[in-house]
Structure formats: structure tokens, C-alpha cells
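S.K.: Have a look at this one.
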Amino acid sequence: MGGRNLTFRLLYGLGFTPWDGHALARSLTDLIEGGTLTPGKALDLGCGTGDNAIYLAEHGWHVTGVDYVAKPLAKARRKATGKTVEFVKADVTQLSSEGVGDGFDLVIDSGCLHGMSAGDREKYVREVSAVTSAEARLLIVAVVPGSSSGVRGIEPAEIERRFAPEWTILASGDEPTLDRDGTNPARHYLLARAGGPSSLR
Ligand SMILES: C[S@@+](CC[C@H](N)C(=O)[O-])C[C@H]1O[C@@H](n2cnc3c(N)ncnc32)[C@H](O)[C@@H]1O
């Protein structure tokens with residue numbers, strides 16, 4: 001993995017992690033508690049200290065949380081004692097070669113893709129497609145470009161372009177839950193594997 005995770009290792013090392021402990025995204029709780037999905041295997045990309053992964057486990061999902069920094073994973077494991085969640089140190093651009101598993105029915109991403117480079121975003125799409133089931137759902141929460149946090153962000157049109165044709169956007173919208181002071185507008189995107197049963201869309 002080399003120095004690819006240097007920025008996040010430094011931030012976690014310094015304890016400068018303003019995202020940590022944020023409220024769960026409304027799009028996530030709506031999806032999980034809305035009754036449209038049957039719990040199965042879930043993957044949390046860039047899981048940090050694990051709050052989203054633990055939430056999924058508490059709602060019956062068998063969860064794998066992935067992050068490429070060891071420090072938040074250690075904290076996540078402590079918080080998740082007794083829950084059906086496993087935390088794995090891996091790079092989301094190399095999921096299929098880093099022993100994360102496959103056949104995931106649900107993938108969630110709260111703040112991972114939006115900070116990645118263009119090249120890594122391309123690998124991300126390939127790898128997420130490689131480890132998901134034919135009927136999988138993918139929920140991405142990401143800031144839009146220009147947020148005060150300095151995060152690169154991602155435009156809705158880029159999500160659509162990058163994930164086609166393997167994935168179709170089912171729904172998207174504002175995600176005000178994550179914008180604590182009104183300067184980091186975020187959006188959510190719910191995608192489905194193209195070719196999955198149309199009755200589920
Ligand atoms: C902004 S934090 C969000 C953490 C958590 N998902 C949350 O909602 O609080 C982004 C996380 O993604 C991780 N991350 C970024 N790029 C990654 C990559 N290529 N592979 C694995 N983890 C990555 C970082 O280490 C960090 O923990």
C-alpha cells in the first residue's frame with residue numbers, strides 16, 4: 001500500500017478527524033429501516049471508526065468494514081465487540097485482491113469516493129462491481145465540489161458517467177444531515193447493479 005494512505009494516516013495520527021462521530025446519513029437510515037431490503041452481506045468502504053458498519057450490523061447485516069488506515073480500524077473493532085461486523089485493512093481500489101470477500105448485497109460509502117483521485121475512482125468502480133452480487137445496492141454519500149472542507153467532491157454527472165453501464169442510479173438527493181455548518185453540501189446516490197430484477201427498482 002506504500003504511502004497511498006499517508007494523508008489519512010497523518011490526520012488520524014494527529015487526531016484531526018472532523019468527520020468522525022457525525023450523525024448517520026438520513027439516506028442510510030431510510031434505506032435500512034424503510035423495509036425494502038432484506039439484510040444480507042454489506043460492505044462499508046472507507047469505514048473509519050465504524051459507526052455506519054456497526055449500525056448495519058445492529059440491523060441484521062453481516063458487515064465488512066474496510067479502511068486503509070490501521071488506527072481507526074482498531075477503534076472500530078473495540079466499538080463493535082459482540083456485533084456481526086469484521087474490520088479489514090484494505091484499499092478500496094484493490095478489493096478483489098485484498099481478501100475482502102465478494103457477493104456483497106449492499107455497499108455503502110460515506111465520504112470515501114469523494115476524496116479520491118480520478119485514477120482511483122476508476123479502480124473503485126471496477127472493484128466495487130467485482131465484489132457485489134447481481135442485485136446489489138450501492139449507497140454513496142459525498143460532498144459536491146467547492147465545499148469548505150477542501151475535499152475534492154464529486155458532481156452528480158460524474159457519478160452517473162463513472163458507474164454506467166454496470167450501475168443505474170435509482171435515487172439521489174441532498175444529504176443535509178452531514179453538513180454541520182452549511183458549508184459542505186453533500187448528496188446521496190443510491191445505485192443498483194444494472195441487470196438486477198426490475199421489480200426491485
Ligand atoms: C472522511 S473519512 C469517512 C469515514 C467514515 N466513513 C465516516 O462516515 O465517518 C474517509 C475514510 O476513508 C478512508 N479511505 C480513503 N481512501 C481510501 C482507500 N483508497 N481505501 C480504503 N480506505 C480509504 C480514510 O482512511 C477514512 O477513514
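In the C-alpha cells, the first chain shown is A, the next is B, and so on; residue numbers restart at 1 for each chain, and ligands run from 1 in the order shown.
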Residues within 9 Å of ligand 1, counting only C-alpha atoms and all ligand atoms: report them as a tab-separated table (two decimals) with all heavy atoms, in the first residue's frame.

M.R.:
```tsv
chain	number	residue	atom	x	y	z
A	4	ARG	N	0.22	5.53	-0.06
A	4	ARG	CA	-1.05	5.98	-0.62
A	4	ARG	C	-1.98	6.53	0.46
A	4	ARG	O	-2.80	7.40	0.19
A	4	ARG	CB	-1.75	4.84	-1.36
A	4	ARG	CG	-0.97	4.36	-2.57
A	4	ARG	CD	-1.78	3.49	-3.48
A	4	ARG	NE	-2.78	4.26	-4.19
A	4	ARG	CZ	-4.08	4.19	-3.98
A	4	ARG	NH1	-4.54	3.38	-3.08
A	4	ARG	NH2	-4.92	4.90	-4.67
A	5	ASN	N	-1.85	5.99	1.66
A	5	ASN	CA	-2.77	6.42	2.71
A	5	ASN	C	-2.14	7.47	3.64
A	5	ASN	O	-2.64	7.69	4.74
A	5	ASN	CB	-3.25	5.22	3.53
A	5	ASN	CG	-2.10	4.47	4.17
A	5	ASN	OD1	-0.95	4.89	4.04
A	5	ASN	ND2	-2.39	3.40	4.87
A	7	THR	N	-1.94	10.76	3.82
A	7	THR	CA	-2.74	11.89	4.32
A	7	THR	C	-3.66	11.44	5.44
A	7	THR	O	-3.70	12.06	6.52
A	7	THR	CB	-3.57	12.51	3.17
A	7	THR	OG1	-2.68	12.89	2.14
A	7	THR	CG2	-4.35	13.71	3.66
A	8	PHE	N	-4.41	10.36	5.21
A	8	PHE	CA	-5.34	9.92	6.25
A	8	PHE	C	-4.60	9.37	7.47
A	8	PHE	O	-5.05	9.54	8.60
A	8	PHE	CB	-6.34	8.89	5.69
A	8	PHE	CG	-7.51	9.54	5.02
A	8	PHE	CD1	-7.64	9.52	3.63
A	8	PHE	CD2	-8.48	10.21	5.75
A	8	PHE	CE1	-8.72	10.14	3.01
A	8	PHE	CE2	-9.55	10.83	5.15
A	8	PHE	CZ	-9.68	10.80	3.77
A	9	ARG	N	-3.43	8.74	7.25
A	9	ARG	CA	-2.66	8.26	8.42
A	9	ARG	C	-2.24	9.44	9.28
A	9	ARG	O	-2.30	9.40	10.50
A	9	ARG	CB	-1.43	7.49	7.94
A	9	ARG	CG	-1.64	5.98	7.96
A	9	ARG	CD	-0.33	5.24	7.92
A	9	ARG	NE	0.34	5.43	6.65
A	9	ARG	CZ	1.65	5.54	6.50
A	9	ARG	NH1	2.44	5.49	7.55
A	9	ARG	NH2	2.19	5.71	5.31
A	11	LEU	N	-3.70	12.43	9.43
A	11	LEU	CA	-4.87	13.05	10.07
A	11	LEU	C	-5.32	12.23	11.28
A	11	LEU	O	-5.58	12.78	12.36
A	11	LEU	CB	-6.02	13.19	9.07
A	11	LEU	CG	-5.77	14.20	7.94
A	11	LEU	CD1	-6.87	14.12	6.88
A	11	LEU	CD2	-5.68	15.62	8.49
A	12	TYR	N	-5.38	10.90	11.12
A	12	TYR	CA	-5.77	10.06	12.26
A	12	TYR	C	-4.69	10.13	13.35
A	12	TYR	O	-5.00	10.15	14.54
A	12	TYR	CB	-6.01	8.61	11.82
A	12	TYR	CG	-7.36	8.38	11.21
A	12	TYR	CD1	-7.49	8.09	9.85
A	12	TYR	CD2	-8.52	8.45	11.98
A	12	TYR	CE1	-8.74	7.86	9.28
A	12	TYR	CE2	-9.77	8.23	11.41
A	12	TYR	CZ	-9.88	7.94	10.06
A	12	TYR	OH	-11.12	7.72	9.52
A	17	THR	N	-9.81	14.61	12.89
A	17	THR	CA	-10.77	13.79	12.14
A	17	THR	C	-12.17	14.39	12.31
A	17	THR	O	-13.02	13.81	12.99
A	17	THR	CB	-10.74	12.33	12.63
A	17	THR	OG1	-10.99	12.33	14.05
A	17	THR	CG2	-9.41	11.67	12.36
A	18	PRO	N	-12.39	15.58	11.73
A	18	PRO	CA	-13.67	16.27	11.96
A	18	PRO	C	-14.89	15.49	11.51
A	18	PRO	O	-16.00	15.77	11.97
A	18	PRO	CB	-13.51	17.58	11.16
A	18	PRO	CG	-12.34	17.36	10.26
A	18	PRO	CD	-11.48	16.33	10.87
A	19	TRP	N	-14.70	14.50	10.62
A	19	TRP	CA	-15.85	13.71	10.15
A	19	TRP	C	-16.28	12.68	11.18
A	19	TRP	O	-17.41	12.19	11.14
A	19	TRP	CB	-15.46	12.99	8.84
A	19	TRP	CG	-14.28	12.08	9.02
A	19	TRP	CD1	-14.29	10.80	9.51
A	19	TRP	CD2	-12.91	12.39	8.78
A	19	TRP	NE1	-13.00	10.30	9.59
A	19	TRP	CE2	-12.14	11.26	9.14
A	19	TRP	CE3	-12.25	13.54	8.28
A	19	TRP	CZ2	-10.76	11.23	9.01
A	19	TRP	CZ3	-10.87	13.50	8.16
A	19	TRP	CH2	-10.14	12.36	8.53
A	20	ASP	N	-15.39	12.33	12.09
A	20	ASP	CA	-15.66	11.20	12.98
A	20	ASP	C	-16.80	11.55	13.96
A	20	ASP	O	-16.83	12.63	14.54
A	20	ASP	CB	-14.39	10.86	13.76
A	20	ASP	CG	-14.46	9.47	14.36
A	20	ASP	OD1	-15.24	8.64	13.86
A	20	ASP	OD2	-13.74	9.22	15.34
A	21	GLY	N	-17.74	10.62	14.10
A	21	GLY	CA	-18.84	10.82	15.05
A	21	GLY	C	-20.00	11.61	14.48
A	21	GLY	O	-20.90	11.98	15.23
A	22	HIS	N	-20.00	11.84	13.14
A	22	HIS	CA	-21.13	12.59	12.57
A	22	HIS	C	-22.40	11.76	12.66
A	22	HIS	O	-22.36	10.54	12.81
A	22	HIS	CB	-20.84	13.00	11.13
A	22	HIS	CG	-20.68	11.85	10.18
A	22	HIS	ND1	-21.73	11.07	9.76
A	22	HIS	CD2	-19.58	11.34	9.59
A	22	HIS	CE1	-21.30	10.14	8.94
A	22	HIS	NE2	-19.99	10.27	8.82
A	23	ALA	N	-23.53	12.44	12.53
A	23	ALA	CA	-24.82	11.73	12.55
A	23	ALA	C	-24.89	10.79	11.35
A	23	ALA	O	-24.30	11.05	10.30
A	23	ALA	CB	-25.95	12.75	12.47
A	24	LEU	N	-25.64	9.71	11.51
A	24	LEU	CA	-25.86	8.80	10.38
A	24	LEU	C	-26.61	9.55	9.29
A	24	LEU	O	-27.51	10.36	9.58
A	24	LEU	CB	-26.70	7.61	10.82
A	24	LEU	CG	-26.08	6.66	11.86
A	24	LEU	CD1	-27.10	5.62	12.30
A	24	LEU	CD2	-24.82	6.00	11.32
A	25	ALA	N	-26.24	9.29	8.05
A	25	ALA	CA	-26.93	9.94	6.93
A	25	ALA	C	-28.38	9.50	6.89
A	25	ALA	O	-28.69	8.32	7.06
A	25	ALA	CB	-26.24	9.59	5.62
A	44	ASP	N	-18.75	-1.75	3.97
A	44	ASP	CA	-18.65	-0.31	4.24
A	44	ASP	C	-17.27	0.15	3.78
A	44	ASP	O	-16.25	-0.23	4.36
A	44	ASP	CB	-18.84	-0.07	5.75
A	44	ASP	CG	-18.78	1.41	6.12
A	44	ASP	OD1	-18.66	2.26	5.22
A	44	ASP	OD2	-18.85	1.71	7.33
A	45	LEU	N	-17.25	0.98	2.74
A	45	LEU	CA	-15.98	1.41	2.14
A	45	LEU	C	-15.46	2.67	2.82
A	45	LEU	O	-16.17	3.66	2.92
A	45	LEU	CB	-16.20	1.69	0.65
A	45	LEU	CG	-16.67	0.51	-0.19
A	45	LEU	CD1	-16.98	0.96	-1.61
A	45	LEU	CD2	-15.64	-0.61	-0.19
A	46	GLY	N	-14.20	2.63	3.27
A	46	GLY	CA	-13.64	3.77	3.99
A	46	GLY	C	-14.40	3.96	5.29
A	46	GLY	O	-14.89	5.04	5.61
A	47	CYS	N	-14.45	2.89	6.07
A	47	CYS	CA	-15.37	2.83	7.23
A	47	CYS	C	-14.92	3.68	8.41
A	47	CYS	O	-15.71	3.91	9.32
A	47	CYS	CB	-15.53	1.38	7.68
A	47	CYS	SG	-13.99	0.62	8.29
A	48	GLY	N	-13.66	4.14	8.42
A	48	GLY	CA	-13.20	4.94	9.56
A	48	GLY	C	-13.36	4.18	10.86
A	48	GLY	O	-13.00	3.00	10.96
A	49	THR	N	-13.92	4.83	11.86
A	49	THR	CA	-14.06	4.17	13.17
A	49	THR	C	-15.35	3.35	13.28
A	49	THR	O	-15.73	2.93	14.38
A	49	THR	CB	-13.96	5.17	14.34
A	49	THR	OG1	-15.10	6.03	14.31
A	49	THR	CG2	-12.68	5.99	14.27
A	50	GLY	N	-16.03	3.11	12.16
A	50	GLY	CA	-17.01	2.03	12.10
A	50	GLY	C	-18.46	2.32	12.45
A	50	GLY	O	-19.26	1.38	12.47
A	51	ASP	N	-18.84	3.56	12.65
A	51	ASP	CA	-20.23	3.81	13.10
A	51	ASP	C	-21.27	3.28	12.11
A	51	ASP	O	-22.28	2.69	12.51
A	51	ASP	CB	-20.46	5.31	13.32
A	51	ASP	CG	-19.73	5.83	14.55
A	51	ASP	OD1	-19.20	5.00	15.32
A	51	ASP	OD2	-19.66	7.06	14.71
A	52	ASN	N	-21.04	3.50	10.81
A	52	ASN	CA	-22.02	3.04	9.82
A	52	ASN	C	-22.07	1.51	9.77
A	52	ASN	O	-23.14	0.92	9.68
A	52	ASN	CB	-21.69	3.60	8.44
A	52	ASN	CG	-21.88	5.10	8.37
A	52	ASN	OD1	-22.86	5.64	8.86
A	52	ASN	ND2	-20.91	5.79	7.79
A	53	ALA	N	-20.89	0.89	9.82
A	53	ALA	CA	-20.83	-0.58	9.78
A	53	ALA	C	-21.52	-1.18	11.00
A	53	ALA	O	-22.28	-2.15	10.89
A	53	ALA	CB	-19.36	-1.03	9.72
A	66	VAL	N	-14.09	-1.70	5.63
A	66	VAL	CA	-12.76	-1.64	5.02
A	66	VAL	C	-12.20	-0.22	5.15
A	66	VAL	O	-12.90	0.75	4.85
A	66	VAL	CB	-12.85	-2.00	3.52
A	66	VAL	CG1	-11.54	-1.71	2.81
A	66	VAL	CG2	-13.23	-3.46	3.34
A	67	ASP	N	-10.98	-0.14	5.59
A	67	ASP	CA	-10.28	1.15	5.59
A	67	ASP	C	-8.79	0.83	5.39
A	67	ASP	O	-8.33	-0.24	5.74
A	67	ASP	CB	-10.49	1.91	6.90
A	67	ASP	CG	-10.35	3.42	6.73
A	67	ASP	OD1	-9.19	3.88	6.55
A	67	ASP	OD2	-11.37	4.14	6.75
A	68	TYR	N	-8.07	1.79	4.81
A	68	TYR	CA	-6.64	1.52	4.60
A	68	TYR	C	-5.74	2.13	5.69
A	68	TYR	O	-4.53	2.16	5.53
A	68	TYR	CB	-6.18	1.87	3.19
A	68	TYR	CG	-6.22	3.31	2.71
A	68	TYR	CD1	-6.66	4.36	3.51
A	68	TYR	CD2	-5.80	3.61	1.42
A	68	TYR	CE1	-6.68	5.64	3.04
A	68	TYR	CE2	-5.81	4.90	0.94
A	68	TYR	CZ	-6.27	5.91	1.74
A	68	TYR	OH	-6.28	7.21	1.28
A	69	VAL	N	-6.36	2.60	6.77
A	69	VAL	CA	-5.58	3.11	7.90
A	69	VAL	C	-5.87	2.24	9.13
A	69	VAL	O	-7.04	1.97	9.44
A	69	VAL	CB	-5.92	4.59	8.20
A	69	VAL	CG1	-5.11	5.11	9.38
A	69	VAL	CG2	-5.66	5.45	6.96
A	70	ALA	N	-4.82	1.81	9.80
A	70	ALA	CA	-4.98	0.86	10.91
A	70	ALA	C	-5.63	1.50	12.14
A	70	ALA	O	-6.43	0.86	12.84
A	70	ALA	CB	-3.61	0.28	11.28
A	72	PRO	N	-8.02	3.92	12.88
A	72	PRO	CA	-9.47	3.91	13.07
A	72	PRO	C	-10.04	2.50	13.12
A	72	PRO	O	-11.06	2.27	13.80
A	72	PRO	CB	-9.99	4.68	11.85
A	72	PRO	CG	-8.88	4.61	10.85
A	72	PRO	CD	-7.62	4.60	11.64
A	73	LEU	N	-9.40	1.56	12.43
A	73	LEU	CA	-9.90	0.18	12.46
A	73	LEU	C	-9.79	-0.41	13.86
A	73	LEU	O	-10.68	-1.14	14.32
A	73	LEU	CB	-9.13	-0.70	11.46
A	73	LEU	CG	-9.40	-0.38	9.98
A	73	LEU	CD1	-8.48	-1.20	9.09
A	73	LEU	CD2	-10.86	-0.64	9.62
A	89	LYS	N	-8.22	-4.26	6.98
A	89	LYS	CA	-7.36	-3.20	6.45
A	89	LYS	C	-7.10	-3.50	4.97
A	89	LYS	O	-6.45	-4.51	4.63
A	89	LYS	CB	-6.04	-3.15	7.22
A	89	LYS	CG	-5.13	-2.01	6.79
A	89	LYS	CD	-4.01	-1.82	7.82
A	89	LYS	CE	-3.10	-0.67	7.44
A	89	LYS	NZ	-2.11	-1.03	6.43
A	90	ALA	N	-7.65	-2.67	4.12
A	90	ALA	CA	-7.51	-2.89	2.68
A	90	ALA	C	-7.79	-1.57	1.96
A	90	ALA	O	-8.42	-0.67	2.51
A	90	ALA	CB	-8.49	-3.96	2.20
A	91	ASP	N	-7.30	-1.52	0.72
A	91	ASP	CA	-7.52	-0.34	-0.12
A	91	ASP	C	-8.75	-0.60	-0.99
A	91	ASP	O	-8.83	-1.64	-1.63
A	91	ASP	CB	-6.27	-0.13	-0.99
A	91	ASP	CG	-6.27	1.20	-1.69
A	91	ASP	OD1	-7.33	1.60	-2.21
A	91	ASP	OD2	-5.21	1.85	-1.73
A	92	VAL	N	-9.66	0.33	-1.02
A	92	VAL	CA	-10.89	0.11	-1.78
A	92	VAL	C	-10.63	0.05	-3.29
A	92	VAL	O	-11.50	-0.40	-4.04
A	92	VAL	CB	-11.98	1.18	-1.47
A	92	VAL	CG1	-12.30	1.21	0.01
A	92	VAL	CG2	-11.59	2.54	-1.98
A	93	THR	N	-9.46	0.45	-3.73
A	93	THR	CA	-9.13	0.33	-5.16
A	93	THR	C	-8.57	-1.05	-5.49
A	93	THR	O	-8.22	-1.32	-6.63
A	93	THR	CB	-8.11	1.40	-5.60
A	93	THR	OG1	-6.88	1.18	-4.90
A	93	THR	CG2	-8.62	2.80	-5.30
A	94	GLN	N	-8.47	-1.92	-4.44
A	94	GLN	CA	-7.91	-3.26	-4.67
A	94	GLN	C	-8.72	-4.32	-3.92
A	94	GLN	O	-8.16	-5.30	-3.43
A	94	GLN	CB	-6.45	-3.29	-4.17
A	94	GLN	CG	-5.54	-2.32	-4.89
A	94	GLN	CD	-4.16	-2.24	-4.26
A	94	GLN	OE1	-3.65	-3.23	-3.75
A	94	GLN	NE2	-3.57	-1.08	-4.30
A	95	LEU	N	-10.00	-4.12	-3.85
A	95	LEU	CA	-10.84	-5.00	-3.02
A	95	LEU	C	-10.71	-6.47	-3.40
A	95	LEU	O	-10.62	-7.35	-2.54
A	95	LEU	CB	-12.31	-4.59	-3.14
A	95	LEU	CG	-12.70	-3.23	-2.55
A	95	LEU	CD1	-14.11	-2.86	-2.97
A	95	LEU	CD2	-12.57	-3.25	-1.04
A	108	ILE	N	-21.89	0.49	1.13
A	108	ILE	CA	-22.11	1.89	1.50
A	108	ILE	C	-20.77	2.62	1.52
A	108	ILE	O	-19.72	2.01	1.79
A	108	ILE	CB	-22.83	2.05	2.86
A	108	ILE	CG1	-21.99	1.51	4.01
A	108	ILE	CG2	-24.20	1.39	2.82
A	108	ILE	CD1	-22.48	1.96	5.37
A	109	ASP	N	-20.85	3.89	1.22
A	109	ASP	CA	-19.65	4.73	1.18
A	109	ASP	C	-20.05	6.09	1.73
A	109	ASP	O	-20.82	6.83	1.10
A	109	ASP	CB	-19.14	4.86	-0.25
A	109	ASP	CG	-18.03	5.88	-0.41
A	109	ASP	OD1	-17.91	6.80	0.44
A	109	ASP	OD2	-17.28	5.80	-1.39
A	110	SER	N	-19.57	6.41	2.90
A	110	SER	CA	-19.83	7.71	3.49
A	110	SER	C	-18.51	8.47	3.52
A	110	SER	O	-17.71	8.30	4.43
A	110	SER	CB	-20.40	7.53	4.91
A	110	SER	OG	-20.36	8.74	5.62
A	111	GLY	N	-18.26	9.25	2.47
A	111	GLY	CA	-17.10	10.13	2.47
A	111	GLY	C	-15.79	9.53	2.01
A	111	GLY	O	-14.74	10.08	2.32
A	112	CYS	N	-15.84	8.45	1.25
A	112	CYS	CA	-14.59	7.86	0.76
A	112	CYS	C	-14.34	8.26	-0.70
A	112	CYS	O	-13.36	8.93	-1.01
A	112	CYS	CB	-14.63	6.34	0.93
A	112	CYS	SG	-13.09	5.51	0.47
A	113	LEU	N	-15.26	7.90	-1.57
A	113	LEU	CA	-15.07	8.17	-3.01
A	113	LEU	C	-14.81	9.65	-3.28
A	113	LEU	O	-13.99	10.00	-4.13
A	113	LEU	CB	-16.31	7.70	-3.78
A	113	LEU	CG	-16.31	7.98	-5.28
A	113	LEU	CD1	-15.26	7.14	-6.00
A	113	LEU	CD2	-17.68	7.73	-5.89
A	114	HIS	N	-15.47	10.53	-2.56
A	114	HIS	CA	-15.42	11.96	-2.91
A	114	HIS	C	-14.03	12.59	-2.73
A	114	HIS	O	-13.79	13.67	-3.25
A	114	HIS	CB	-16.51	12.75	-2.16
A	114	HIS	CG	-16.29	12.91	-0.69
A	114	HIS	ND1	-17.23	13.51	0.12
A	114	HIS	CD2	-15.26	12.57	0.12
A	114	HIS	CE1	-16.78	13.54	1.36
A	114	HIS	NE2	-15.59	12.97	1.38
A	115	GLY	N	-13.15	11.91	-2.00
A	115	GLY	CA	-11.81	12.47	-1.82
A	115	GLY	C	-10.77	11.84	-2.74
A	115	GLY	O	-9.59	12.24	-2.71
A	116	MET	N	-11.18	10.89	-3.54
A	116	MET	CA	-10.20	10.12	-4.32
A	116	MET	C	-9.85	10.80	-5.64
A	116	MET	O	-10.60	11.60	-6.17
A	116	MET	CB	-10.77	8.71	-4.57
A	116	MET	CG	-10.94	7.93	-3.27
A	116	MET	SD	-11.87	6.39	-3.44
A	116	MET	CE	-10.69	5.41	-4.31
A	120	ASP	N	-8.04	6.68	-9.12
A	120	ASP	CA	-8.56	5.79	-8.07
A	120	ASP	C	-10.07	5.60	-8.19
A	120	ASP	O	-10.59	4.53	-7.88
A	120	ASP	CB	-8.20	6.33	-6.69
A	120	ASP	CG	-6.76	6.01	-6.31
A	120	ASP	OD1	-6.10	5.28	-7.08
A	120	ASP	OD2	-6.30	6.50	-5.26
A	121	ARG	N	-10.76	6.62	-8.63
A	121	ARG	CA	-12.21	6.50	-8.81
A	121	ARG	C	-12.53	5.43	-9.87
A	121	ARG	O	-13.48	4.67	-9.74
A	121	ARG	CB	-12.83	7.85	-9.21
A	121	ARG	CG	-12.80	8.84	-8.07
A	121	ARG	CD	-13.31	10.22	-8.45
A	121	ARG	NE	-13.14	11.13	-7.32
A	121	ARG	CZ	-13.67	12.33	-7.22
A	121	ARG	NH1	-14.44	12.81	-8.17
A	121	ARG	NH2	-13.45	13.08	-6.15
A	124	TYR	N	-11.99	2.11	-8.25
A	124	TYR	CA	-13.07	1.91	-7.27
A	124	TYR	C	-14.29	1.30	-7.94
A	124	TYR	O	-14.84	0.31	-7.47
A	124	TYR	CB	-13.37	3.28	-6.65
A	124	TYR	CG	-14.55	3.41	-5.72
A	124	TYR	CD1	-14.35	3.63	-4.37
A	124	TYR	CD2	-15.86	3.40	-6.20
A	124	TYR	CE1	-15.43	3.81	-3.50
A	124	TYR	CE2	-16.94	3.57	-5.34
A	124	TYR	CZ	-16.72	3.78	-4.00
A	124	TYR	OH	-17.79	3.97	-3.16
A	141	VAL	N	-22.49	8.58	-0.18
A	141	VAL	CA	-22.73	9.92	0.34
A	141	VAL	C	-21.45	10.71	0.12
A	141	VAL	O	-20.35	10.27	0.52
A	141	VAL	CB	-23.11	9.88	1.84
A	141	VAL	CG1	-23.25	11.30	2.38
A	141	VAL	CG2	-24.41	9.11	2.04
A	151	VAL	N	-12.29	19.09	0.55
A	151	VAL	CA	-12.42	17.78	-0.11
A	151	VAL	C	-12.78	18.01	-1.57
A	151	VAL	O	-13.56	18.91	-1.90
A	151	VAL	CB	-13.52	16.93	0.58
A	151	VAL	CG1	-13.73	15.62	-0.16
A	151	VAL	CG2	-13.15	16.67	2.03
```

S.K.: Please give the complete set of residues from stretch 90-130 of chain A that DSSP, run on the backbone, assigns to strand (DSSP E or B), formatted as a PyMOL selection string.

M.R.: chain A and resi 104-110

S.K.: Would you kindly return, as a ChimeraX atom specification, each protein, DNA or RNA residue with an atom no farther than 7 Å from any atom of A:Trp61, considering only C-alpha atoms and excluding same-chain residues fewer than 5 positions away?

M.R.: /A:39-42,56

S.K.: Output C-alpha atoms for every residue in that selection, as a PDB file, in the first residue's frame.

M.R.:
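What ended up in again-v1.pdb:
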```
ATOM      1  CA  PRO A  39     -30.400  -7.980   5.342  1.00  0.00           C
ATOM      2  CA  GLY A  40     -27.516  -9.854   3.745  1.00  0.00           C
ATOM      3  CA  LYS A  41     -23.826  -9.129   3.243  1.00  0.00           C
ATOM      4  CA  ALA A  42     -22.805  -5.497   3.479  1.00  0.00           C
ATOM      5  CA  LEU A  56     -25.776  -2.045   9.739  1.00  0.00           C
TER       6      LEU A  56
END
```

S.K.: Show me, as a Markdown table, the residues of stretch 49-142 of chain A having an atom within 12 Å of stretch 158-170 of chain A, each with the closest atom pair and its distance in Å, using only C-alpha atoms.

M.R.:
```
| residue | atom | partner | partner_atom | distance |
| --- | --- | --- | --- | --- |
| A:Leu113 | CA | A:Ile159 | CA | 9.9 |
| A:His114 | CA | A:Ile159 | CA | 10.0 |
| A:Ala118 | CA | A:Arg162 | CA | 10.0 |
| A:Gly119 | CA | A:Arg162 | CA | 11.2 |
| A:Asp120 | CA | A:Arg162 | CA | 11.5 |
| A:Arg121 | CA | A:Arg162 | CA | 8.1 |
| A:Glu122 | CA | A:Arg162 | CA | 7.1 |
| A:Lys123 | CA | A:Arg162 | CA | 10.3 |
| A:Tyr124 | CA | A:Arg162 | CA | 9.8 |
| A:Val125 | CA | A:Phe163 | CA | 6.4 |
| A:Arg126 | CA | A:Phe163 | CA | 8.9 |
| A:Glu127 | CA | A:Phe163 | CA | 11.4 |
| A:Val128 | CA | A:Phe163 | CA | 9.9 |
| A:Ser129 | CA | A:Glu166 | CA | 7.3 |
| A:Ala130 | CA | A:Glu166 | CA | 10.4 |
| A:Thr132 | CA | A:Glu166 | CA | 11.0 |
| A:Ser133 | CA | A:Glu166 | CA | 11.8 |
| A:Ala134 | CA | A:Glu166 | CA | 9.9 |
| A:Glu135 | CA | A:Trp167 | CA | 10.3 |
| A:Ala136 | CA | A:Trp167 | CA | 9.4 |
| A:Arg137 | CA | A:Trp167 | CA | 9.0 |
| A:Leu138 | CA | A:Trp167 | CA | 8.8 |
| A:Leu139 | CA | A:Ile169 | CA | 9.7 |
| A:Ile140 | CA | A:Ile159 | CA | 9.3 |
| A:Val141 | CA | A:Ile159 | CA | 11.0 |
| A:Ala142 | CA | A:Ile159 | CA | 10.1 |
```

S.K.: Rounded to one decimal, what separation in Å do you get between atom CA of A:Leu28 and atom CA of A:Pro185?

M.R.: 16.7 Å

S.K.: What is the atom CA of A:Lys83 to atom CA of A:Gly60 distance in Å?

M.R.: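 Separation of atom CA of A:Lys83 and atom CA of A:Gly60: 9.6 Å.
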